[in-house]
Amino acid sequence: MIRRGWTWLILGLTLAFFVLFFFGPLFQALKGGFLHGGKFTPEFFLEIFRNPIYREGVSNSFRLALATTLLVAALGLPMAFLAARCDFPAKRLLGGLVLVPMVLPPFVGAIGISQMLGRFGALNALLVQLGFLDWSRPVDWLGQGRFWAVAATQALHLYPIFYLNASAALANIDPALEEAAENLGASGGRRFWRITLPLAAPGLFAGGSLVFIWAFTELGTPLMFDYTRVTAVQIYDGIKDIGDNPLPYALVTFMMITSILIYAAGKFLFGRQSAAMLGKSAGAAETRRLTGGPAWLASGLFLLVFLAAALPHLGVILTSFSRGWYQSALPSAWTLGHYREALGHALTLPSIKNSLYYATLALTLDMVLGVAIAYLVVRGNFRGRGLLDLLAMLPLAVPGIVLAFGYIAISQPGRLFAAFNPANNPTLLLIIAYAVRRLPYVVRSVTAGLQQTAEALEESAQNLGASTWHTLRRITLPLISANLIAGGLFAFSFAMLEVSDSLMLAQKQAFFPITKALYELFQILGTGRYVAAALGVWAMLFLTVTILAANSLLGRKLGALFRI
Amino acid sequence: MMKRLYGWLAAFLLILALPFLLKPPAESNPAGARRLVAVSPHNEATRYEFENAFRGWYRQRYGETADIEWRNLGGTSEIVRFIDSEFEAAGRVGREGIGIDVFFGGGSFDHARQARKGHLQPCAIRTRHPEWLNPEIMPQQFSGETLHDSEDLWYGCCLSGFGICYNEDLVRSLGTAAPERWEDLARPEFFGRIALADPSKSGSINKAFETLIQEQMAASAARAGLDPGRAGAEELAEGWRTALNLLKRIGANCRYFTDSASKVPLDVAQGNAAAGMCIDFYGRFQSETVEREEGSKRMRYFTPTGGSSFSADPVGILRGAPDAELARRFVEFLLSPEGQRLWNYRIGTPGGPVKYSLRRLPIRKDAYGEAGRPYRSDPDVNPYLQAGSFVYRPGWTGPMFGLIRLLVRAMCIDTHPELVAAGRAIQAAGGPSACPEAMARLEQLPANAEYPAALRETTAALGEKKNEIAITREWTVFFRENYRQAETLARAAADRRRP
């Protein structure tokens with residue numbers, strides 16, 4: 001049980017952080033959507049309901065998010081279950097490989113997809129070579145069935161969020177409970193539906209809600225497939241409009257409110273039930289060794305998901321070595337020159353150092369804040385805990401560029417944070433921006449872990465004389481370490497790959513993070529995309545090795561989570 | 001366990017070491033150098049070449065060193081918003097400037113707006129180099145575009161135009177001829193294979209659309225046997241409607257409208273689109289890259305004769321610039337023969353760029369002379385000759401610049417799915433001649449978008465933000481409904497034709 005004084009102190013600090021670094025900047029950025037001639041007006045907000053294009057945009061975004069979440073659950077749940085409960089050929093390798101979508105850098109991902117799926121791209125070239133297709137009638141993979149193409153691509157990008165949260169939830173389940181059900185005669189399917197699934201519910205809800213809101217607010221994938229009638233694209237178009245359009249700011253407000261209502265409804269319907277367990281799985285739970293057909297089916301599922309999800313990565317890798325790639329399954333000429341140019345560019349090395357610095361500090365901030373918020377939400381006993389939970393999800397629904405404009409506004413001369421004006425040094429604001437935008441991943445993950453852990457364990461420690469801090473350090477955090485690692489990995493990876501905040505806030509070359517260096521290289525005429533692809537491959541390698549090296553350093557806990 | 005850990009750590013260090021091993025030697029910035037703070041959407045290549053050349057020019061001319069501190073905030077729209085909001089904040093605390101000397105790049109539309117808002121100060125070209133303002137060197141107007149401000153507040157440094165790029169392989173496989181004029185992009189063979197730039201996100205692109213409209217108005221006058229200068233309201237109204245219907249037909253063929261300058265030429269080069277509208281230097285550069293790297297001539301770029309507009313890429317000195325004198329010298333350098341050479345000279349030529357070829361078109365007319373011809377990347381390109389045949393008439397559409405943007409958005413971009421569906425149904429029915437009712441419905445215009453009387457009132461009403469939003473919504477609903485009906489009518493016509 002957390003002491004009352006501590007509750008108010010942590011709550012006060014958390015709220016202060018949100019007011020200063022989320023609501024303050026957001027208010028500055030969004031007020032244009034509610035002001036006309038210096039006076040408040042609801043007109044622009046009401047336009048969303050009056051204009052059928054915006055209404056349809058909201059409806060399409062919702063349908064897209066729903067389809068994506070269902071596809072993600074259909075992929076992620078069986079994979080997480082197989083990883084947690086079964087042994088199959090090449091499991092360790094495949095379990096690590098399926099996390100590849102987490103390391104895809106921005107800008108170059110679209111090149112990868114276009115090289116693979118374009119009209120004269122690799123897939124069609126392969127089909128032509130195999131005699132299934134004629135170049136006079138190439139398949140337009142990117143221009144057909146756009147709704148499902150967007151949903152499937154988003155699902156292949158986002159399933160690790162669900163997979164990792166589900167894996168953490170399954171790792172937290174006390175195997176004794178499942179054994180008890182088995183002893184009482186529950187069959188495999190019945191045991192899964194009646195015992196395993198309800199016990200893992202907090203983790204599934206955590207993953208599902210993150211995926212849903214991400215897909216609801218996603219910009220890049222719909223843009224890539226030219227599926228433009230969705231709210232996120234309408235916001236982007238409005239912000240880029242040369243006519244000082246106030247509608248995107250009203251739309252952002254609407255998207256935030258809608259996201260939160262959807263999340264609250266989801267929580268009401270699916271996220272309330274939680275069963276805390278006194279016993280914890282002390283190590284890897286008993287796994288069943290699959291043989292024959294089922295074993296190969298399990299490996300096949302992982303391999304298939306990996307191959308599909310890694311298609312853009314493969315496109316980026318091949319592009320980075322290519323001097324030309326057109327109407328052929330593989331590049332027609334190869335070179336290492338793009339790597340020399342990318343890694344030897346004056347922007348590259350400082351940007352790598354900066355990104356590591358920003359992402360590490362943002363991760364630390366996220367861990368402290370995330371644990372504090374999750375702890376208050378799950379263990380606190382004050383009114384408004386649910387509201388705090390909703391609050392922590394809000395950053396997911398705000399486009400990065402809107403928040404970046406807000407940060408610039410609060411650091412202007414005469415404002416509270418004038419000393420941190422990014423024109424001088426953006427370090428502090430960048431770290432805060434990264435931390436705010438990725439906080440929901442840590443909060444959701446840790447909340448799920450705490451919901452699955454019995455409070456009685458902490459109470460026992462405190463009854464034996466341990467202080468709150470000591471209990472947190474020695475009991476609570478070790479019990480939820482799998483969740484901490486899952487949330488932390490997302491926070492770190494996504495901070496390393498953060499785009500919109502970086503483009504706006506890092507104005508001087510000395511402070512560029514790696515994503516801004518990628519953007520700058522991408523802009524170079526002619527060879528820009530090849531050079532950007534080379535730096536993108538380096539970033540992918542670096543993130544992959546960082547995750548795997550962290551695995552080795554952290555040892556068993558991460559291994560238990562990924563089964564690698 | 002430890003073995004694996006060491007293995008990963010070794011891999012980690014190896015990957016991290018690569019950029020250290022390939023690190024270029026650090027460039028030293030001498031202490032005490034004067035520093036120019038510049039905000040710019042220009043790419044790294046342009047920034048590198050101009051910084052390098054300005055340093056040399058400044059040292060030689062003034063005997064001291066000067067550096068440029070670049071502020072990169074992404075594209076022009078982000079920069080403009082940033083400047084506006086910084087000046088607003090500066091006003092609140094009684095400061096004159098925003099700590100930035102120059103705004104280098106963007107479009108003349110954006111610089112003219114900054115000038116109107118009082119964010120720019122004179123560049124002193126008028127007093128220091130009045131000889132440069134000779135129309136034979138730097139004309140103030142050209143094909144309807146203002147190339148520099150009459151109050152000395154901003155100056156175009158180079159020109160960019162919009163042209164057509166196309167993929168020869170794809171065009172051939174579609175069994176059609178290569179496009180030659182803007183109208184060709186409306187051919188039914190190109191259905192789903194055209195890529196266009198988005199006029200709602202760039203003043204220069206909007207200008208290109210306006211030019212296309214004016215070209216149709218002039219053609220309408222010619223059809224009536226009139227000199228364009230003598231065209232009456234009837235011919236102009238007919239030309240206006242023809243132009244908008246042409247834009248609808250191109251829009252129906254179009255795969256997307258984009259604000260990314262590189263997307264169209266890349267998609268065309270890769271065959272994802274057969275043809276598209278793109279900025280000249282992107283088109284030329286992509287075409288050259290494909291030829292150099294792959295030995296293929298499949299990607300072509302050209303500026304269509306007549307109806308092509310060129311717009312200026314300017315520089316302006318911001319009010320309260322920390323080092324206004326250095327900023328004035330920088331503008332002087334950009335407009336000097338030395339600065340102008342960088343835009344189109346090849347790498348390594350005397351006075352040319354040292355690392356990147358920029359392939360852009362200088363603003364000074366005398367930069368296209370014979371003396372520099374052997375050194376220029378595009379010796380045969382001269383925008384002042386190419387666009388010379390087109391006469392822009394500000395009285396025709398000038399006041400409707402904003403209206404055109406909103407109308408194209410409502411007509412082609414916001415209603416794009418319905419427009420494409422209608423276009424597909426009309427083609428399936430056998431083309432426009434097989435379903436005239438559907439075509440008539442597709443070509444309907446709202447009463448307040450008819451030329452010229454209604455447009456005058458609509459243009460005036462658009463000055464109010466609330467009206468702008470209501471009118472745009474009204475147009476969107478109108479076009480959407482008409483496109484849906486056109487699709488239904490085309491389907492009915494197709495059903496009737498079936499045996």
# chains A, B, ... in the order shown; residues from 1 in each chain; ligands from 1

call {"tool": "interface_residues", "arguments": {"of": "chain B", "to": "chain A", "cutoff": "6 Å", "atoms": "only C-alpha atoms", "output": "compact mmCIF listing (two decimals) with C-alpha atoms, in the first residue's frame"}}
result
# COMPACT_ATOMS: atom_id res chain seq x y z
CA LEU B 5 27.41 -11.36 -24.31
CA TRP B 8 26.96 -9.01 -29.01
CA PHE B 12 27.70 -3.42 -31.11
CA PRO B 19 30.88 6.04 -38.71
CA LEU B 22 34.60 7.03 -42.04
CA LYS B 23 34.33 10.37 -40.26
CA PRO B 24 35.37 13.29 -42.48
CA ASN B 43 18.57 21.00 -49.10
CA ARG B 71 18.43 26.80 -38.93
CA ASN B 72 16.65 23.84 -40.46
CA LEU B 73 13.02 23.37 -39.57
CA GLY B 74 11.81 21.12 -42.40
CA SER B 77 5.25 25.70 -44.41
CA VAL B 93 8.16 41.30 -25.22
CA SER B 173 3.42 -0.36 -72.82
CA SER B 200 -3.04 23.73 -51.77
CA LYS B 201 0.39 23.33 -50.19
CA GLY B 271 7.23 3.14 -63.22
CA ASN B 272 4.70 3.58 -60.42
CA PHE B 285 18.25 15.49 -61.94
CA GLN B 286 16.25 12.27 -61.70
CA THR B 289 20.65 9.95 -62.32
CA GLU B 293 23.54 4.99 -62.69
CA GLU B 294 21.53 2.54 -64.79

call {"tool": "select_by_dssp", "arguments": {"residues": "stretch 307-413 of chain A", "states": "alpha helix (DSSP H)", "output": "MDAnalysis selection string"}}
result
chainID A and resid 307:309 311:320 337:343 348:379 385:393 400:410

call {"tool": "residues_around", "arguments": {"residues": "B:Glu189", "least_positions_apart": "2", "cutoff": "9 Å", "atoms": "only C-alpha atoms", "output": "PDB file with N, CA and C atoms, in the first residue's frame"}}
result
ATOM      1  N   VAL B 171       4.809   4.383 -70.863  1.00  0.00           N
ATOM      2  CA  VAL B 171       3.997   5.039 -71.894  1.00  0.00           C
ATOM      3  C   VAL B 171       3.888   4.117 -73.110  1.00  0.00           C
ATOM      4  N   LEU B 174       1.597   1.242 -72.588  1.00  0.00           N
ATOM      5  CA  LEU B 174       0.174   1.630 -72.603  1.00  0.00           C
ATOM      6  C   LEU B 174      -0.316   1.860 -74.031  1.00  0.00           C
ATOM      7  N   GLY B 175       0.599   1.772 -74.977  1.00  0.00           N
ATOM      8  CA  GLY B 175       0.231   1.917 -76.381  1.00  0.00           C
ATOM      9  C   GLY B 175      -0.184   3.326 -76.753  1.00  0.00           C
ATOM     10  N   THR B 176       0.402   4.304 -76.109  1.00  0.00           N
ATOM     11  CA  THR B 176       0.043   5.690 -76.386  1.00  0.00           C
ATOM     12  C   THR B 176       1.302   6.510 -76.683  1.00  0.00           C
ATOM     13  N   ALA B 186      -4.656  14.202 -69.549  1.00  0.00           N
ATOM     14  CA  ALA B 186      -6.069  13.831 -69.368  1.00  0.00           C
ATOM     15  C   ALA B 186      -6.477  12.668 -70.268  1.00  0.00           C
ATOM     16  N   ARG B 187      -5.513  12.153 -71.064  1.00  0.00           N
ATOM     17  CA  ARG B 187      -5.868  11.046 -71.960  1.00  0.00           C
ATOM     18  C   ARG B 187      -6.336   9.829 -71.164  1.00  0.00           C
ATOM     19  N   PHE B 191      -5.248   6.602 -67.218  1.00  0.00           N
ATOM     20  CA  PHE B 191      -6.090   6.468 -66.031  1.00  0.00           C
ATOM     21  C   PHE B 191      -5.341   5.746 -64.888  1.00  0.00           C
ATOM     22  N   GLY B 192      -5.289   6.395 -63.738  1.00  0.00           N
ATOM     23  CA  GLY B 192      -4.616   5.808 -62.565  1.00  0.00           C
ATOM     24  C   GLY B 192      -3.094   5.886 -62.626  1.00  0.00           C
ATOM     25  N   ARG B 193      -2.570   6.586 -63.661  1.00  0.00           N
ATOM     26  CA  ARG B 193      -1.109   6.560 -63.838  1.00  0.00           C
ATOM     27  C   ARG B 193      -0.487   7.950 -63.879  1.00  0.00           C
ATOM     28  N   ASN B 253      -7.612  10.989 -63.688  1.00  0.00           N
ATOM     29  CA  ASN B 253      -6.524  10.082 -64.074  1.00  0.00           C
ATOM     30  C   ASN B 253      -5.476   9.939 -62.981  1.00  0.00           C
TER      31      ASN B 253
END

call {"tool": "residues_around", "arguments": {"residues": "A:Ala461", "least_positions_apart": "3", "cutoff": "12 Å", "atoms": "only C-alpha atoms", "output": "VMD selection string"}}
result
chain A and resid 1 455 to 458 464 to 476

call {"tool": "residues_around", "arguments": {"residues": "B:Ala221", "least_positions_apart": "3", "cutoff": "9 Å", "atoms": "only C-alpha atoms", "output": "list in words"}}
result
Gln216, Met217, Ala218, Ala224, Gly225, Leu226, Asp227, Pro228, Gly229, Arg230, Ala231, Gly232, Glu235, Leu236, Glu238 and Gly239 of chain B

call {"tool": "residues_around", "arguments": {"residues": "A:Val537", "least_positions_apart": "6", "cutoff": "9 Å", "atoms": "only C-alpha atoms", "output": "PyMOL selection string"}}
result
chain A and resi 104-105+313+316-317+320

call {"tool": "write_last_selection", "arguments": {"atoms": "C-alpha atoms", "output": "PDB file, in the first residue's frame"}}
result
ATOM      1  CA  LEU A 104      12.341   0.344 -39.363  1.00  0.00           C
ATOM      2  CA  PRO A 105      13.599   3.916 -39.742  1.00  0.00           C
ATOM      3  CA  HIS A 313      13.422  -3.801 -44.557  1.00  0.00           C
ATOM      4  CA  VAL A 316      15.721  -0.788 -47.879  1.00  0.00           C
ATOM      5  CA  ILE A 317      18.712  -3.131 -47.529  1.00  0.00           C
ATOM      6  CA  SER A 320      21.266   0.667 -50.025  1.00  0.00           C
TER       7      SER A 320
END

call {"tool": "residues_around", "arguments": {"residues": "A:Val58", "least_positions_apart": "5", "cutoff": "10 Å", "atoms": "only C-alpha atoms", "output": "PyMOL selection string"}}
result
chain A and resi 48-49+52-53+63-64+216-217+229-232+234+251+254-255+258

call {"tool": "closest_residue", "arguments": {"among": "A:Ser299, A:Thr453, A:Thr360, A:Asn165", "to": "A:Ala73", "atoms": "only C-alpha atoms"}}
result
A:Asn165

call {"tool": "atom_distance", "arguments": {"atom1": "atom CA of A:Pro138", "atom2": "atom CA of A:Ala329"}}
result
13.6 Å

call {"tool": "atom_distance", "arguments": {"atom1": "atom CA of B:Leu358", "atom2": "atom CA of B:Asn344"}}
result
6.1 Å

call {"tool": "closest_residue", "arguments": {"among": "B:Phe281, B:Gly295, B:Arg255, B:Val331", "to": "B:Ser377", "atoms": "only C-alpha atoms"}}
result
B:Phe281

call {"tool": "select_by_dssp", "arguments": {"residues": "stretch 244-366 of chain A", "states": "strand (DSSP E or B)", "output": "PyMOL selection string"}}
result
chain A and resi 277+288-289+322-324+333-334

call {"tool": "closest_atom_pairs", "arguments": {"of": "stretch 400-491 of chain A", "to": "stretch 10-21 of chain A", "cutoff": "8 Å", "atoms": "only C-alpha atoms", "output": "tab-separated table"}}
result
residue	atom	partner	partner_atom	distance
A:Tyr407	CA	A:Phe21	CA	7.8
A:Ile432	CA	A:Phe21	CA	7.4
A:Ala433	CA	A:Phe21	CA	8.0
A:Val436	CA	A:Phe21	CA	7.7

call {"tool": "write_last_selection", "arguments": {"atoms": "C-alpha atoms", "output": "PDB file, in the first residue's frame"}}
result
ATOM      1  CA  TYR A 407       7.116  23.354 -27.533  1.00  0.00           C
ATOM      2  CA  ILE A 432      10.937  15.861 -22.966  1.00  0.00           C
ATOM      3  CA  ALA A 433       9.181  15.631 -26.346  1.00  0.00           C
ATOM      4  CA  VAL A 436       6.025  12.538 -23.540  1.00  0.00           C
TER       5      VAL A 436
END

call {"tool": "decode", "arguments": {"residues": "stretch 78-194 of chain B", "atoms": "C-alpha atoms", "output": "mmCIF file, in the first residue's frame"}}
result
data_model
loop_
_atom_site.group_PDB
_atom_site.id
_atom_site.type_symbol
_atom_site.label_atom_id
_atom_site.label_comp_id
_atom_site.auth_asym_id
_atom_site.auth_seq_id
_atom_site.Cartn_x
_atom_site.Cartn_y
_atom_site.Cartn_z
ATOM 1 C CA GLU B 78 6.971 24.909 -41.096
ATOM 2 C CA ILE B 79 9.430 27.791 -41.545
ATOM 3 C CA VAL B 80 6.705 30.313 -42.348
ATOM 4 C CA ARG B 81 4.697 29.261 -39.319
ATOM 5 C CA PHE B 82 7.800 29.427 -37.159
ATOM 6 C CA ILE B 83 8.701 32.940 -38.346
ATOM 7 C CA ASP B 84 5.124 34.185 -37.805
ATOM 8 C CA SER B 85 4.920 32.778 -34.315
ATOM 9 C CA GLU B 86 8.411 34.036 -33.362
ATOM 10 C CA PHE B 87 7.567 37.580 -34.498
ATOM 11 C CA GLU B 88 4.321 37.400 -32.538
ATOM 12 C CA ALA B 89 6.309 36.417 -29.438
ATOM 13 C CA ALA B 90 8.937 39.108 -30.100
ATOM 14 C CA GLY B 91 6.158 41.700 -30.311
ATOM 15 C CA ARG B 92 4.839 40.618 -26.921
ATOM 16 C CA VAL B 93 8.158 41.304 -25.219
ATOM 17 C CA GLY B 94 8.993 44.393 -27.267
ATOM 18 C CA ARG B 95 11.819 42.870 -29.312
ATOM 19 C CA GLU B 96 12.503 43.960 -32.847
ATOM 20 C CA GLY B 97 13.751 40.699 -34.332
ATOM 21 C CA ILE B 98 13.739 36.957 -33.816
ATOM 22 C CA GLY B 99 17.483 36.291 -33.787
ATOM 23 C CA ILE B 100 17.594 35.242 -37.443
ATOM 24 C CA ASP B 101 19.175 37.275 -40.236
ATOM 25 C CA VAL B 102 17.802 35.860 -43.477
ATOM 26 C CA PHE B 103 15.030 33.660 -44.850
ATOM 27 C CA PHE B 104 16.660 31.928 -47.837
ATOM 28 C CA GLY B 105 14.421 29.814 -50.107
ATOM 29 C CA GLY B 106 10.694 29.123 -50.150
ATOM 30 C CA GLY B 107 8.499 30.773 -52.763
ATOM 31 C CA SER B 108 7.741 34.345 -53.794
ATOM 32 C CA PHE B 109 4.227 33.804 -52.395
ATOM 33 C CA ASP B 110 5.705 33.174 -48.932
ATOM 34 C CA HIS B 111 8.171 36.070 -49.099
ATOM 35 C CA ALA B 112 5.495 38.481 -50.329
ATOM 36 C CA ARG B 113 3.379 37.468 -47.340
ATOM 37 C CA GLN B 114 6.279 38.016 -44.948
ATOM 38 C CA ALA B 115 6.814 41.440 -46.513
ATOM 39 C CA ARG B 116 3.128 42.330 -46.048
ATOM 40 C CA LYS B 117 3.319 41.317 -42.404
ATOM 41 C CA GLY B 118 6.262 43.664 -41.889
ATOM 42 C CA HIS B 119 8.707 40.846 -41.138
ATOM 43 C CA LEU B 120 11.261 41.880 -43.778
ATOM 44 C CA GLN B 121 13.640 44.822 -44.081
ATOM 45 C CA PRO B 122 15.275 46.329 -47.196
ATOM 46 C CA CYS B 123 18.135 44.397 -48.763
ATOM 47 C CA ALA B 124 19.884 47.582 -50.045
ATOM 48 C CA ILE B 125 20.318 46.172 -53.564
ATOM 49 C CA ARG B 126 18.446 49.220 -54.839
ATOM 50 C CA THR B 127 21.101 51.544 -53.415
ATOM 51 C CA ARG B 128 24.224 49.415 -53.784
ATOM 52 C CA HIS B 129 23.582 47.801 -57.164
ATOM 53 C CA PRO B 130 20.891 49.718 -59.040
ATOM 54 C CA GLU B 131 22.477 48.488 -62.273
ATOM 55 C CA TRP B 132 21.378 44.913 -61.475
ATOM 56 C CA LEU B 133 17.745 45.982 -61.548
ATOM 57 C CA ASN B 134 17.947 46.650 -65.257
ATOM 58 C CA PRO B 135 15.176 44.501 -66.883
ATOM 59 C CA GLU B 136 17.877 42.966 -69.073
ATOM 60 C CA ILE B 137 19.585 41.600 -65.964
ATOM 61 C CA MET B 138 16.908 41.143 -63.291
ATOM 62 C CA PRO B 139 13.393 41.916 -64.542
ATOM 63 C CA GLN B 140 10.877 42.596 -61.802
ATOM 64 C CA GLN B 141 8.085 40.683 -63.562
ATOM 65 C CA PHE B 142 8.279 37.698 -65.815
ATOM 66 C CA SER B 143 5.386 35.638 -67.236
ATOM 67 C CA GLY B 144 3.095 36.862 -64.510
ATOM 68 C CA GLU B 145 5.486 36.148 -61.678
ATOM 69 C CA THR B 146 7.076 38.826 -59.494
ATOM 70 C CA LEU B 147 10.804 38.089 -59.362
ATOM 71 C CA HIS B 148 11.710 40.707 -56.780
ATOM 72 C CA ASP B 149 9.892 43.068 -54.486
ATOM 73 C CA SER B 150 9.441 46.642 -55.677
ATOM 74 C CA GLU B 151 10.250 47.869 -52.144
ATOM 75 C CA ASP B 152 13.629 46.065 -51.998
ATOM 76 C CA LEU B 153 12.308 43.630 -49.354
ATOM 77 C CA TRP B 154 13.061 40.342 -51.106
ATOM 78 C CA TYR B 155 14.832 39.127 -54.245
ATOM 79 C CA GLY B 156 14.435 35.965 -56.287
ATOM 80 C CA CYS B 157 17.800 34.169 -56.485
ATOM 81 C CA CYS B 158 16.897 31.413 -58.916
ATOM 82 C CA LEU B 159 13.948 30.284 -60.997
ATOM 83 C CA SER B 160 12.035 27.045 -60.913
ATOM 84 C CA GLY B 161 9.315 25.884 -63.204
ATOM 85 C CA PHE B 162 6.937 22.975 -63.422
ATOM 86 C CA GLY B 163 7.139 20.556 -66.274
ATOM 87 C CA ILE B 164 6.128 17.048 -67.227
ATOM 88 C CA CYS B 165 8.176 13.954 -66.547
ATOM 89 C CA TYR B 166 7.238 10.595 -67.988
ATOM 90 C CA ASN B 167 8.408 7.009 -68.130
ATOM 91 C CA GLU B 168 8.993 5.934 -71.723
ATOM 92 C CA ASP B 169 8.687 2.209 -70.962
ATOM 93 C CA LEU B 170 5.332 2.620 -69.294
ATOM 94 C CA VAL B 171 3.997 5.039 -71.894
ATOM 95 C CA ARG B 172 5.006 2.586 -74.627
ATOM 96 C CA SER B 173 3.424 -0.357 -72.819
ATOM 97 C CA LEU B 174 0.174 1.630 -72.603
ATOM 98 C CA GLY B 175 0.231 1.917 -76.381
ATOM 99 C CA THR B 176 0.043 5.690 -76.386
ATOM 100 C CA ALA B 177 2.228 8.582 -77.495
ATOM 101 C CA ALA B 178 4.468 10.496 -75.108
ATOM 102 C CA PRO B 179 2.743 13.504 -73.528
ATOM 103 C CA GLU B 180 3.623 16.881 -75.006
ATOM 104 C CA ARG B 181 1.206 19.317 -73.361
ATOM 105 C CA TRP B 182 -0.670 19.506 -70.094
ATOM 106 C CA GLU B 183 -3.865 18.353 -71.878
ATOM 107 C CA ASP B 184 -2.204 15.045 -72.697
ATOM 108 C CA LEU B 185 -2.261 14.093 -69.026
ATOM 109 C CA ALA B 186 -6.069 13.831 -69.368
ATOM 110 C CA ARG B 187 -5.868 11.046 -71.960
ATOM 111 C CA PRO B 188 -7.913 7.980 -70.906
ATOM 112 C CA GLU B 189 -4.882 5.679 -71.407
ATOM 113 C CA PHE B 190 -3.270 7.367 -68.407
ATOM 114 C CA PHE B 191 -6.090 6.468 -66.031
ATOM 115 C CA GLY B 192 -4.616 5.808 -62.565
ATOM 116 C CA ARG B 193 -1.109 6.560 -63.838
ATOM 117 C CA ILE B 194 -0.686 10.306 -63.375
#
